[in-house]
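> Structure file input.txt (compact mmCIF, C-alpha atoms and all ligand atoms) is given on the next line.
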```txt
# COMPACT_ATOMS: atom_id res chain seq x y z
CA MET A 874 -90.49 -78.37 -48.17
CA ALA A 875 -86.71 -78.90 -48.49
CA GLY A 876 -86.87 -82.68 -48.94
CA LEU A 877 -89.58 -82.50 -51.59
CA CYS A 878 -87.68 -79.76 -53.47
CA ALA A 879 -84.48 -81.81 -53.34
CA ALA A 880 -86.20 -84.94 -54.64
CA ALA A 881 -88.14 -83.12 -57.37
CA HIS A 882 -84.94 -81.46 -58.60
CA ALA A 883 -82.91 -84.68 -58.36
CA ARG A 884 -85.50 -86.52 -60.43
CA ALA A 885 -85.40 -83.81 -63.10
CA LEU A 886 -81.61 -84.27 -63.16
CA GLY A 887 -82.07 -87.94 -63.99
CA ALA A 888 -81.85 -89.57 -60.53
CA THR A 889 -84.45 -91.85 -58.89
CA PRO A 890 -84.67 -90.45 -55.34
CA ALA A 891 -86.97 -91.65 -52.56
CA VAL A 892 -88.39 -89.29 -49.93
CA TYR A 893 -88.78 -90.86 -46.50
CA GLU A 894 -91.54 -88.95 -44.70
CA LYS A 895 -91.95 -89.76 -41.02
CA GLY A 896 -95.37 -88.11 -40.86
CA THR A 897 -98.72 -89.38 -42.01
CA ARG A 898 -98.87 -86.81 -44.80
CA ALA A 899 -96.44 -84.93 -47.03
CA GLY A 900 -95.63 -81.21 -46.85
CA GLY A 901 -94.41 -80.82 -43.27
CA SER A 902 -94.87 -77.34 -41.82
CA MET A 903 -94.99 -75.91 -45.33
CA LEU A 904 -98.50 -77.33 -45.72
CA LEU A 905 -99.58 -75.44 -42.58
CA SER A 906 -97.84 -72.22 -43.54
CA SER A 907 -98.98 -68.95 -45.09
CA CYS A 908 -96.65 -70.05 -47.93
CA VAL A 909 -95.09 -66.67 -48.69
CA ILE A 910 -91.66 -67.48 -50.13
CA TRP A 911 -89.58 -64.34 -49.91
CA ARG A 912 -86.25 -62.57 -49.59
CA PHE A 913 -85.30 -59.08 -48.51
CA ARG A 914 -85.45 -56.69 -51.46
CA ASP A 915 -82.01 -55.27 -50.62
CA TRP A 916 -79.00 -57.35 -49.74
CA ASP A 917 -77.83 -54.83 -47.14
CA ASP A 918 -81.24 -55.02 -45.46
CA PHE A 919 -80.88 -58.81 -45.16
CA ARG A 920 -77.48 -58.38 -43.52
CA ARG A 921 -78.84 -55.73 -41.17
CA GLU A 922 -81.88 -57.84 -40.22
CA CYS A 923 -79.95 -61.08 -39.69
CA PRO A 924 -76.53 -59.75 -38.71
CA THR A 925 -75.04 -62.90 -37.19
CA GLY A 926 -76.04 -65.24 -40.01
CA ASP A 927 -73.46 -66.92 -42.23
CA GLU A 928 -72.94 -64.38 -45.02
CA ARG A 929 -72.06 -67.00 -47.70
CA LEU A 930 -75.26 -68.95 -47.05
CA GLN A 931 -77.35 -65.78 -46.95
CA ARG A 932 -75.85 -64.63 -50.25
CA THR A 933 -76.70 -68.00 -51.83
CA VAL A 934 -80.35 -67.81 -50.73
CA TRP A 935 -80.62 -64.18 -51.79
CA GLU A 936 -79.12 -64.77 -55.24
CA ARG A 937 -80.87 -68.06 -56.06
CA LEU A 938 -84.36 -67.50 -54.68
CA ASP A 939 -85.92 -65.85 -57.75
CA ASP A 940 -84.75 -68.75 -59.90
CA GLY A 941 -86.16 -71.18 -57.33
CA ILE A 942 -89.55 -69.48 -57.39
CA SER A 943 -89.61 -69.58 -61.21
CA TRP A 944 -88.82 -73.29 -61.00
CA LEU A 945 -91.80 -73.89 -58.68
CA GLU A 946 -94.02 -72.03 -61.12
CA SER A 947 -92.62 -74.07 -64.03
CA LEU A 948 -93.69 -77.24 -62.18
CA GLY A 949 -97.24 -75.88 -62.13
CA ALA A 950 -97.50 -74.69 -58.51
CA THR A 951 -100.34 -72.23 -58.00
CA VAL A 952 -99.33 -68.68 -57.15
CA VAL A 953 -101.90 -66.88 -55.01
CA ALA A 954 -100.14 -63.47 -54.97
CA HIS A 955 -97.18 -62.13 -56.92
CA GLU A 956 -96.25 -59.72 -54.11
CA THR A 957 -95.53 -60.35 -50.44
CA GLY A 958 -97.47 -57.33 -49.18
CA ASN A 959 -94.32 -56.08 -47.41
CA PRO A 960 -92.41 -53.36 -49.31
CA ARG A 961 -89.10 -54.53 -47.82
CA THR A 962 -89.40 -58.00 -49.29
CA VAL A 963 -89.96 -59.64 -52.68
CA GLY A 964 -91.39 -63.07 -53.35
CA LYS A 965 -94.64 -64.89 -54.01
CA ARG A 966 -97.42 -66.47 -52.02
CA PHE A 967 -98.28 -70.01 -53.11
CA ASP A 968 -101.25 -72.16 -52.22
CA PRO A 969 -99.70 -74.58 -49.68
CA ARG A 970 -101.92 -77.51 -50.63
CA GLY A 971 -101.34 -76.99 -54.35
CA LEU A 972 -97.59 -76.58 -53.81
CA THR A 973 -97.41 -79.78 -51.76
CA GLU A 974 -99.31 -81.75 -54.42
CA THR A 975 -97.12 -80.36 -57.21
CA LEU A 976 -93.89 -81.19 -55.37
CA VAL A 977 -95.06 -84.67 -54.35
CA GLN A 978 -95.87 -85.43 -57.97
CA ALA A 979 -92.51 -84.10 -59.18
CA ALA A 980 -90.61 -85.93 -56.39
CA GLY A 981 -92.21 -89.23 -57.45
CA ASP A 982 -91.44 -91.74 -54.72
CA VAL A 983 -92.71 -90.33 -51.38
CA ARG A 984 -92.95 -92.97 -48.63
CA LEU A 985 -95.29 -91.86 -45.84
CA GLY A 986 -94.79 -93.03 -42.26
CA ALA A 987 -91.24 -94.08 -43.11
CA THR A 988 -87.75 -92.97 -42.20
CA THR A 989 -84.20 -94.16 -42.90
CA GLU A 990 -80.95 -94.35 -40.96
CA ASP A 991 -78.94 -93.84 -44.12
CA PRO A 992 -80.13 -90.63 -45.82
CA VAL A 993 -78.08 -88.64 -48.32
CA ILE A 994 -79.96 -85.39 -47.67
CA LEU A 995 -81.24 -84.41 -44.23
CA ALA A 996 -84.45 -82.38 -44.35
CA THR A 997 -86.33 -83.21 -41.16
CA GLY A 998 -87.40 -79.64 -40.42
CA GLY A 999 -85.53 -78.63 -37.22
CA PHE A 1000 -85.71 -79.68 -33.55
CA GLN A 1001 -88.64 -77.64 -32.20
CA GLY A 1002 -90.70 -80.82 -31.59
CA ASP A 1003 -88.19 -82.26 -29.10
CA ARG A 1004 -88.55 -80.94 -25.56
CA GLU A 1005 -85.07 -82.10 -24.51
CA LEU A 1006 -83.27 -80.39 -27.39
CA VAL A 1007 -85.35 -77.23 -26.96
CA ASP A 1008 -84.50 -77.13 -23.23
CA GLU A 1009 -80.82 -77.77 -23.92
CA HIS A 1010 -80.32 -75.18 -26.64
CA ILE A 1011 -83.13 -72.60 -26.45
CA ARG A 1012 -83.65 -72.74 -22.70
CA PRO A 1013 -87.16 -71.25 -22.40
CA ASP A 1014 -88.34 -70.61 -18.84
CA ALA A 1015 -91.21 -73.08 -19.36
CA GLU A 1016 -92.40 -75.44 -22.07
CA LEU A 1017 -93.44 -73.75 -25.34
CA ARG A 1018 -96.39 -74.95 -27.38
CA LEU A 1019 -95.61 -76.26 -30.85
CA ARG A 1020 -96.76 -74.15 -33.80
CA ALA A 1021 -95.51 -76.53 -36.47
CA ASN A 1022 -95.89 -80.07 -37.77
CA PRO A 1023 -95.53 -82.60 -34.92
CA TRP A 1024 -92.75 -84.71 -36.48
CA SER A 1025 -89.77 -82.34 -36.66
CA ALA A 1026 -87.94 -83.45 -33.52
CA GLY A 1027 -84.24 -83.05 -34.28
CA ASP A 1028 -83.68 -86.36 -36.10
CA GLY A 1029 -81.60 -84.60 -38.76
CA LEU A 1030 -79.53 -82.76 -36.17
CA ARG A 1031 -78.73 -85.92 -34.24
CA LEU A 1032 -77.89 -87.93 -37.34
CA GLY A 1033 -75.78 -85.13 -38.81
CA VAL A 1034 -73.75 -84.78 -35.62
CA ALA A 1035 -73.32 -88.57 -35.37
CA ARG A 1036 -71.92 -88.54 -38.91
CA GLY A 1037 -69.33 -85.87 -38.08
CA GLY A 1038 -71.32 -82.69 -38.76
CA GLU A 1039 -70.88 -79.52 -36.75
CA LEU A 1040 -73.40 -77.19 -35.18
CA SER A 1041 -74.08 -73.69 -36.46
CA ALA A 1042 -74.33 -70.42 -34.57
CA GLY A 1043 -77.67 -69.37 -33.08
CA LEU A 1044 -78.71 -72.67 -31.50
CA ASP A 1045 -80.62 -70.71 -28.84
CA GLU A 1046 -82.74 -68.90 -31.45
CA PHE A 1047 -86.13 -69.82 -32.86
CA TYR A 1048 -88.86 -68.43 -35.05
CA GLY A 1049 -92.36 -68.33 -33.65
CA ARG A 1050 -95.36 -66.21 -32.78
CA ASN A 1051 -96.77 -65.13 -29.46
CA MET A 1052 -100.11 -66.92 -29.19
CA PRO A 1053 -102.86 -66.74 -26.56
CA ASP A 1054 -101.53 -68.79 -23.62
CA ASP A 1055 -104.00 -71.60 -24.21
CA ASP A 1056 -104.19 -74.74 -26.36
CA PHE A 1057 -104.65 -74.18 -30.10
CA THR A 1058 -105.13 -76.29 -33.22
CA GLU A 1059 -103.24 -76.30 -36.55
CA GLU A 1060 -106.07 -74.33 -38.15
CA GLN A 1061 -105.50 -71.61 -35.53
CA PHE A 1062 -101.73 -71.22 -36.10
CA VAL A 1063 -102.23 -68.17 -38.33
CA PRO A 1064 -105.49 -66.52 -37.15
CA LEU A 1065 -104.59 -66.67 -33.45
CA ALA A 1066 -101.08 -65.18 -33.81
CA GLN A 1067 -100.97 -62.11 -31.56
CA LEU A 1068 -98.93 -60.06 -34.01
CA TYR A 1069 -99.33 -56.62 -32.50
CA GLY A 1070 -96.65 -56.48 -29.81
CA ARG A 1071 -95.33 -53.27 -31.40
CA VAL A 1072 -98.49 -51.35 -30.40
CA ALA A 1073 -98.90 -52.99 -26.99
CA ARG A 1074 -97.15 -52.40 -23.69
CA VAL A 1075 -95.55 -55.67 -22.75
CA PHE A 1076 -95.19 -56.86 -19.17
CA ASN A 1077 -94.14 -60.13 -17.58
CA GLU A 1078 -95.96 -61.93 -14.75
CA ARG A 1079 -94.09 -59.86 -12.19
CA GLY A 1080 -95.40 -56.65 -13.72
CA GLU A 1081 -92.03 -55.69 -15.25
CA GLU A 1082 -91.90 -54.09 -18.68
CA PHE A 1083 -89.12 -56.32 -19.98
CA PHE A 1084 -88.60 -55.55 -23.67
CA GLU A 1085 -86.27 -52.66 -24.35
CA GLY A 1086 -86.16 -50.76 -27.63
CA GLU A 1087 -88.39 -51.05 -30.65
CA VAL A 1088 -90.02 -54.37 -31.53
CA SER A 1089 -88.83 -55.61 -34.95
CA TRP A 1090 -91.27 -55.86 -37.89
CA SER A 1091 -91.43 -59.66 -37.60
CA GLU A 1092 -91.79 -59.38 -33.79
CA ASN A 1093 -89.54 -62.43 -33.53
CA ASP A 1094 -87.24 -60.61 -31.09
CA LEU A 1095 -90.18 -60.01 -28.73
CA VAL A 1096 -91.32 -63.64 -29.06
CA GLN A 1097 -87.86 -64.93 -28.13
CA ALA A 1098 -87.60 -62.49 -25.22
CA THR A 1099 -91.00 -63.71 -23.99
CA ALA A 1100 -89.70 -67.30 -23.88
CA ARG A 1101 -87.13 -66.21 -21.29
CA GLN A 1102 -89.62 -64.51 -18.94
CA PRO A 1103 -91.09 -66.26 -15.86
CA GLY A 1104 -93.36 -69.05 -17.08
CA ALA A 1105 -92.35 -68.11 -20.67
CA ARG A 1106 -95.31 -65.72 -20.63
CA ALA A 1107 -96.11 -62.08 -21.20
CA TRP A 1108 -99.07 -59.74 -20.99
CA TYR A 1109 -99.90 -57.49 -23.93
CA LEU A 1110 -101.68 -54.38 -22.63
CA LEU A 1111 -103.72 -52.32 -25.07
CA ASP A 1112 -105.16 -48.83 -24.89
CA ASP A 1113 -107.88 -47.20 -27.01
CA GLU A 1114 -105.36 -45.97 -29.57
CA ALA A 1115 -103.99 -49.49 -30.21
CA LEU A 1116 -107.50 -50.96 -30.45
CA LYS A 1117 -108.44 -48.50 -33.22
CA ASP A 1118 -106.63 -50.80 -35.68
CA PRO A 1119 -109.36 -53.28 -36.71
CA ASP A 1120 -106.83 -56.08 -37.26
CA VAL A 1121 -105.51 -55.66 -33.70
CA ALA A 1122 -109.02 -55.46 -32.25
CA GLN A 1123 -110.01 -58.63 -34.11
CA ARG A 1124 -106.97 -60.60 -32.92
CA VAL A 1125 -107.59 -59.48 -29.33
CA ALA A 1126 -111.27 -60.45 -29.60
CA ARG A 1127 -110.28 -63.98 -30.73
CA ALA A 1128 -107.86 -64.52 -27.82
CA SER A 1129 -109.30 -66.76 -25.08
CA THR A 1130 -106.80 -65.28 -22.59
CA ARG A 1131 -108.22 -61.76 -22.96
CA THR A 1132 -108.39 -60.21 -19.49
CA GLU A 1133 -109.91 -57.15 -17.84
CA PRO A 1134 -107.27 -54.73 -16.47
CA ALA A 1135 -108.63 -55.13 -12.93
CA GLU A 1136 -107.91 -58.87 -13.05
CA LEU A 1137 -104.21 -58.53 -13.87
CA PRO A 1138 -101.66 -59.80 -11.31
CA PHE A 1139 -100.09 -56.30 -11.24
CA THR A 1140 -101.32 -52.72 -11.48
CA PRO A 1141 -101.53 -51.77 -15.15
CA PRO A 1142 -100.70 -48.29 -16.45
CA ASN A 1143 -103.55 -45.80 -16.76
CA GLY A 1144 -105.48 -46.07 -19.99
CA THR A 1145 -105.19 -49.88 -20.28
CA ARG A 1146 -108.44 -51.15 -21.80
CA VAL A 1147 -107.70 -54.85 -22.16
CA ALA A 1148 -104.84 -57.32 -21.70
CA VAL A 1149 -103.98 -60.62 -23.39
CA ARG A 1150 -101.77 -63.30 -21.81
CA VAL A 1151 -99.45 -64.69 -24.47
CA LYS A 1152 -96.85 -67.42 -24.78
CA PRO A 1153 -94.61 -68.27 -27.74
CA GLY A 1154 -95.69 -70.96 -30.15
CA ILE A 1155 -92.45 -72.32 -31.60
CA THR A 1156 -92.48 -72.74 -35.39
CA HIS A 1157 -88.91 -73.68 -36.20
CA THR A 1158 -85.43 -73.54 -34.83
CA ILE A 1159 -82.93 -71.07 -36.33
CA GLY A 1160 -79.75 -72.87 -35.29
CA GLY A 1161 -78.94 -76.34 -36.56
CA LEU A 1162 -76.32 -78.12 -38.63
CA ARG A 1163 -73.52 -76.14 -40.20
CA ILE A 1164 -73.29 -76.53 -43.99
CA ASP A 1165 -71.08 -75.04 -46.68
CA GLU A 1166 -72.45 -73.32 -49.80
CA ARG A 1167 -72.89 -76.74 -51.42
CA GLY A 1168 -75.19 -77.89 -48.61
CA ARG A 1169 -72.56 -80.31 -47.29
CA VAL A 1170 -72.67 -81.39 -43.61
CA ALA A 1171 -70.03 -84.12 -43.74
CA GLU A 1172 -68.59 -86.51 -46.33
CA GLY A 1173 -71.50 -87.74 -48.48
CA LEU A 1174 -74.13 -86.04 -46.31
CA TYR A 1175 -76.09 -82.89 -47.15
CA ALA A 1176 -78.82 -80.90 -45.40
CA ALA A 1177 -81.47 -78.33 -46.25
CA GLY A 1178 -84.36 -76.47 -44.63
CA ALA A 1179 -84.64 -75.92 -40.90
CA ASP A 1180 -82.14 -78.73 -40.20
CA VAL A 1181 -79.59 -76.16 -41.40
CA GLY A 1182 -78.66 -73.41 -38.99
CA GLY A 1183 -77.05 -70.03 -39.19
CA ILE A 1184 -78.91 -68.46 -42.10
CA SER A 1185 -81.41 -66.14 -40.41
CA THR A 1186 -79.44 -65.90 -37.17
CA GLY A 1187 -79.89 -62.67 -35.26
CA GLY A 1188 -83.27 -61.98 -36.87
CA TYR A 1189 -85.80 -63.63 -39.14
CA ALA A 1190 -85.89 -64.54 -42.82
CA SER A 1191 -88.12 -66.84 -44.89
CA GLY A 1192 -87.67 -70.47 -43.88
CA LEU A 1193 -89.40 -71.60 -47.06
CA ALA A 1194 -86.91 -69.62 -49.16
CA ALA A 1195 -83.93 -71.29 -47.48
CA ALA A 1196 -85.60 -74.73 -47.81
CA LEU A 1197 -86.27 -74.18 -51.52
CA VAL A 1198 -82.80 -72.89 -52.39
CA PHE A 1199 -80.77 -75.35 -50.32
CA GLY A 1200 -83.08 -78.26 -51.14
CA ARG A 1201 -82.18 -77.82 -54.81
CA ILE A 1202 -78.50 -77.22 -54.04
CA ALA A 1203 -78.32 -80.35 -51.87
CA ALA A 1204 -79.72 -82.39 -54.77
CA GLU A 1205 -77.16 -80.94 -57.19
CA SER A 1206 -74.31 -81.57 -54.72
CA ALA A 1207 -75.41 -85.11 -53.95
CA LEU A 1208 -75.44 -85.82 -57.69
CA ASP A 1209 -72.16 -83.98 -58.15
CA ARG A 1210 -73.74 -81.45 -60.48
CA LEU A 1211 -72.74 -78.26 -58.73
C1 LIG A 1301 -98.38 -71.37 -39.38
C2 LIG A 1301 -97.08 -71.26 -40.15
C3 LIG A 1301 -96.92 -70.22 -41.05
C4 LIG A 1301 -95.72 -70.10 -41.76
N1 LIG A 1301 -95.62 -69.15 -42.72
C5 LIG A 1301 -94.48 -69.05 -43.44
C6 LIG A 1301 -94.39 -68.14 -44.52
O1 LIG A 1301 -95.36 -67.49 -44.94
N2 LIG A 1301 -93.18 -68.01 -45.14
C7 LIG A 1301 -92.09 -68.76 -44.80
O2 LIG A 1301 -91.03 -68.61 -45.39
N3 LIG A 1301 -92.18 -69.69 -43.81
C8 LIG A 1301 -93.35 -69.86 -43.14
N4 LIG A 1301 -93.45 -70.82 -42.18
C9 LIG A 1301 -92.25 -71.65 -41.88
C10 LIG A 1301 -92.06 -72.76 -42.93
O3 LIG A 1301 -93.19 -73.57 -42.96
C11 LIG A 1301 -90.80 -73.56 -42.60
O4 LIG A 1301 -89.69 -72.68 -42.54
C12 LIG A 1301 -90.51 -74.62 -43.66
O5 LIG A 1301 -91.60 -75.50 -43.81
C13 LIG A 1301 -89.24 -75.39 -43.32
O6 LIG A 1301 -89.02 -76.34 -44.31
P1 LIG A 1301 -88.40 -77.74 -43.93
O7 LIG A 1301 -88.37 -78.55 -45.17
O8 LIG A 1301 -87.15 -77.56 -43.19
O9 LIG A 1301 -89.44 -78.36 -42.89
P2 LIG A 1301 -90.90 -78.95 -43.15
O10 LIG A 1301 -91.56 -78.26 -44.26
O11 LIG A 1301 -91.59 -78.97 -41.85
O12 LIG A 1301 -90.60 -80.47 -43.58
C14 LIG A 1301 -89.90 -81.34 -42.72
C15 LIG A 1301 -90.46 -82.74 -42.94
O13 LIG A 1301 -89.58 -83.71 -42.36
C16 LIG A 1301 -90.38 -84.74 -41.80
N5 LIG A 1301 -89.55 -85.50 -40.85
C17 LIG A 1301 -89.18 -85.14 -39.59
N6 LIG A 1301 -88.35 -86.10 -39.08
C18 LIG A 1301 -88.21 -87.05 -40.02
C19 LIG A 1301 -87.46 -88.27 -40.10
N7 LIG A 1301 -86.69 -88.71 -39.11
N8 LIG A 1301 -87.57 -89.01 -41.23
C20 LIG A 1301 -88.36 -88.61 -42.26
N9 LIG A 1301 -89.08 -87.45 -42.25
C21 LIG A 1301 -88.98 -86.68 -41.15
C22 LIG A 1301 -91.54 -84.00 -41.19
O14 LIG A 1301 -92.64 -84.86 -40.98
C23 LIG A 1301 -91.83 -82.95 -42.28
O15 LIG A 1301 -92.74 -83.42 -43.24
C24 LIG A 1301 -94.64 -71.01 -41.50
C25 LIG A 1301 -94.83 -72.08 -40.63
C26 LIG A 1301 -96.04 -72.21 -39.96
C27 LIG A 1301 -96.24 -73.40 -39.06
```
Using the file provided, produce a representation of the structure as structure tokens.

Amino acid sequence: MAGLCAAAHARALGATPAVYEKGTRAGGSMLLSSCVIWRFRDWDDFRRECPTGDERLQRTVWERLDDGISWLESLGATVVAHETGNPRTVGKRFDPRGLTETLVQAAGDVRLGATTEDPVILATGGFQGDRELVDEHIRPDAELRLRANPWSAGDGLRLGVARGGELSAGLDEFYGRNMPDDDFTEEQFVPLAQLYGRVARVFNERGEEFFEGEVSWSENDLVQATARQPGARAWYLLDDEALKDPDVAQRVARASTRTEPAELPFTPPNGTRVAVRVKPGITHTIGGLRIDERGRVAEGLYAAGADVGGISTGGYASGLAAALVFGRIAAESALDRL
């Protein structure tokens, strides 16, 4: 997302950029996403939800997102919904395939299966695809399955640090979803997400109820806490009340790790009807390279998207929004137009 936005904007500003795309197709994780590009409606809410994020970067995303969305629409990207469906947030849902095609066309020169050692803008999408970096910084109790494109493996982070860049806060944080603890395909990233932890009772393998307090609306706090449990696993236990919600019942029914209460490795509380064994699928890292408001990592080097850390630290905010806003800013900075 970020690299295509940067190139499309740079071309409109009169430059002739090239996008080096390591993967076999364009669009990265954006193409696999639900493609809701959003911000918190209220600034104070953003600060409350992501309290340890860099306030200057957050302010930039918050103030420039609406303009960025209008720009995508002006390029001809197809909007699927003009609302996010969440009263706390504003933004639009795009068609990911249509958005990718629009941006590829506007970017012009997109070289698939190619990379470069001398980029001006880093936009490689984070380090979730690299086991070593994930172990070093996020430290899950066991390996997490990838819920993202397979090519984002920390290349931007490594190159940025080698060129004198610094690391942001929140390197141990990630965004993801608890998924059935089983293999899944790209097509199942969204439908198999077990997004009902708030109505479940959550236990680890040892039968301990480990999550204290209320689960956040994004459930990202619960997902990250799950990664630190034995085997990076948890059990979601559901009673009749929880299963009354048809969306919850449907997600449970789709989970291959659905289990009868009697088969659990611990004694469940009375009233448990069914349990699901879950494990985080990691979508993108939240920590990364430190940038300033101009997207600068080091002299002559800029970054955008999930290669940049410290924006949604302490919580969760739209990765697509940050990629869009800082992708355009990185292009302006690299061309000295900011
Ligand atoms: C199932 C799913 C649902 C999601 N839903 C939403 C949503 O509704 N709203 C939202 O805001 N976010 C959502 N996201 C997250 C969103 O997709 C990411 O935050 C966003 O794509 C990050 O943008 P990016 O440009 O940093 O990374 P990407 O879009 O992943 O792009 C990074 C690109 O860099 C390429 N690359 C990696 N290394 C190299 C290299 N060395 N050289 C060249 N190219 C390289 C990769 O192949 C990839 O194409 C979702 C993600 C998933 C997987």
> 6 Å from ligand LIG 1301 (chain A) is the threshold here; counting only C-alpha atoms and all ligand atoms, which polymer residues fall inside it? Answer as a PyMOL selection string.
chain A and resi 874-876+893-896+899-903+905-910+988+996-998+1020-1021+1024-1025+1028+1062-1063+1156+1178-1180+1191-1194+1196
> Excluding Glu946 in chain A and its own-chain neighbours fewer than 6 positions away, which residues fall within 12 Å of it when counting all atoms listed in the file? Please give them as a ChimeraX atom specification.
/A:939-940,952-953,955,965-968,971-972,975-976
> Suppose you want the space between CA of Glu1060 in chain A and CA of Pro1103 in chain A; what is it in Å?
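One can read the CA of Glu1060 in chain A to CA of Pro1103 in chain A distance as 28.0 Å.
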> Could you state the separation of CA of Val1034 in chain A and CA of Gly1002 in chain A in Å, given to one decimal place?
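A separation of 17.9 Å between them.
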> Counting all atoms listed in the file, which residues come within 9 Å of (-85.4, -87.3, -31.6), with the point read in the file's coordinates, and could you list them as JSON, numbers by chain?
{"A": [1000, 1002, 1003, 1005, 1006, 1025, 1026, 1027, 1028, 1029, 1030, 1031]}
> Store the residues picked out above, limited to C-alpha atoms, as a PDB file, in the coordinates of the input.

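Below you can see out19.pdb, which holds the result:
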```pdb
ATOM      1  CA  PHE A1000     -85.710 -79.680 -33.550  1.00  0.00           C
ATOM      2  CA  GLY A1002     -90.700 -80.820 -31.590  1.00  0.00           C
ATOM      3  CA  ASP A1003     -88.190 -82.260 -29.100  1.00  0.00           C
ATOM      4  CA  GLU A1005     -85.070 -82.100 -24.510  1.00  0.00           C
ATOM      5  CA  LEU A1006     -83.270 -80.390 -27.390  1.00  0.00           C
ATOM      6  CA  SER A1025     -89.770 -82.340 -36.660  1.00  0.00           C
ATOM      7  CA  ALA A1026     -87.940 -83.450 -33.520  1.00  0.00           C
ATOM      8  CA  GLY A1027     -84.240 -83.050 -34.280  1.00  0.00           C
ATOM      9  CA  ASP A1028     -83.680 -86.360 -36.100  1.00  0.00           C
ATOM     10  CA  GLY A1029     -81.600 -84.600 -38.760  1.00  0.00           C
ATOM     11  CA  LEU A1030     -79.530 -82.760 -36.170  1.00  0.00           C
ATOM     12  CA  ARG A1031     -78.730 -85.920 -34.240  1.00  0.00           C
TER      13      ARG A1031
END
```
> So for range 1073-1092 of chain A, what box centre and size do we get, axis-aligned, 6 Å extra on each of the six sides, every listed atom, Å to one decimal, as lines of an AutoDock Vina configuration file?

```
center_x = -92.5
center_y = -56.3
center_z = -25.0
size_x = 24.7
size_y = 23.2
size_z = 37.7
```
> When distances are computed from all atoms listed in the file, which of A:Ala1100, A:Ala1148, A:Val1075, A:Val1181 shows the smallest separation from Arg1012 in chain A?
A:Ala1100
> Can you tell me, as a ChimeraX atom specification, which residues sit within 10 Å of (-83.0, -82.4, -57.9) in the file's frame, using all atoms listed in the file?
/A:876-890,979-980,1200-1208,1210
> One number please: CA of Pro1138 in chain A to CA of Asn1051 in chain A, in Å, one decimal.
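The value is 19.5 Å.
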> Please write a file for range 1143-1154 of chain A, taken from the block I just shared, that holds N, CA and C atoms and is laid out as an mmCIF file, in the first residue's frame.

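Below is the file that was written, part_38.cif:
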```
data_model
loop_
_atom_site.group_PDB
_atom_site.id
_atom_site.type_symbol
_atom_site.label_atom_id
_atom_site.label_comp_id
_atom_site.auth_asym_id
_atom_site.auth_seq_id
_atom_site.Cartn_x
_atom_site.Cartn_y
_atom_site.Cartn_z
ATOM 1 N N ASN A 1143 -18.906 -24.241 34.910
ATOM 2 C CA ASN A 1143 -20.260 -24.714 34.598
ATOM 3 C C ASN A 1143 -20.869 -23.837 33.518
ATOM 4 N N GLY A 1144 -21.655 -24.456 32.674
ATOM 5 C CA GLY A 1144 -22.364 -23.680 31.649
ATOM 6 C C GLY A 1144 -21.605 -23.602 30.323
ATOM 7 N N THR A 1145 -20.341 -24.096 30.304
ATOM 8 C CA THR A 1145 -19.580 -24.062 29.049
ATOM 9 C C THR A 1145 -20.227 -25.016 28.050
ATOM 10 N N ARG A 1146 -20.561 -24.499 26.884
ATOM 11 C CA ARG A 1146 -21.191 -25.338 25.843
ATOM 12 C C ARG A 1146 -20.176 -25.848 24.840
ATOM 13 N N VAL A 1147 -19.200 -24.970 24.494
ATOM 14 C CA VAL A 1147 -18.228 -25.352 23.478
ATOM 15 C C VAL A 1147 -16.954 -24.534 23.710
ATOM 16 N N ALA A 1148 -15.828 -25.057 23.242
ATOM 17 C CA ALA A 1148 -14.560 -24.326 23.361
ATOM 18 C C ALA A 1148 -13.863 -24.316 22.000
ATOM 19 N N VAL A 1149 -13.054 -23.290 21.772
ATOM 20 C CA VAL A 1149 -12.276 -23.214 20.533
ATOM 21 C C VAL A 1149 -10.828 -22.925 20.901
ATOM 22 N N ARG A 1150 -9.898 -23.730 20.391
ATOM 23 C CA ARG A 1150 -8.473 -23.474 20.657
ATOM 24 C C ARG A 1150 -7.965 -22.474 19.615
ATOM 25 N N VAL A 1151 -7.411 -21.375 20.101
ATOM 26 C CA VAL A 1151 -6.989 -20.310 19.181
ATOM 27 C C VAL A 1151 -5.510 -19.996 19.356
ATOM 28 N N LYS A 1152 -4.964 -19.384 18.315
ATOM 29 C CA LYS A 1152 -3.566 -18.947 18.323
ATOM 30 C C LYS A 1152 -3.497 -17.684 17.468
ATOM 31 N N PRO A 1153 -2.671 -16.720 17.828
ATOM 32 C CA PRO A 1153 -2.617 -15.499 17.015
ATOM 33 C C PRO A 1153 -2.088 -15.754 15.612
ATOM 34 N N GLY A 1154 -2.747 -15.144 14.644
ATOM 35 C CA GLY A 1154 -2.198 -15.003 13.301
ATOM 36 C C GLY A 1154 -1.647 -13.582 13.264
#
```
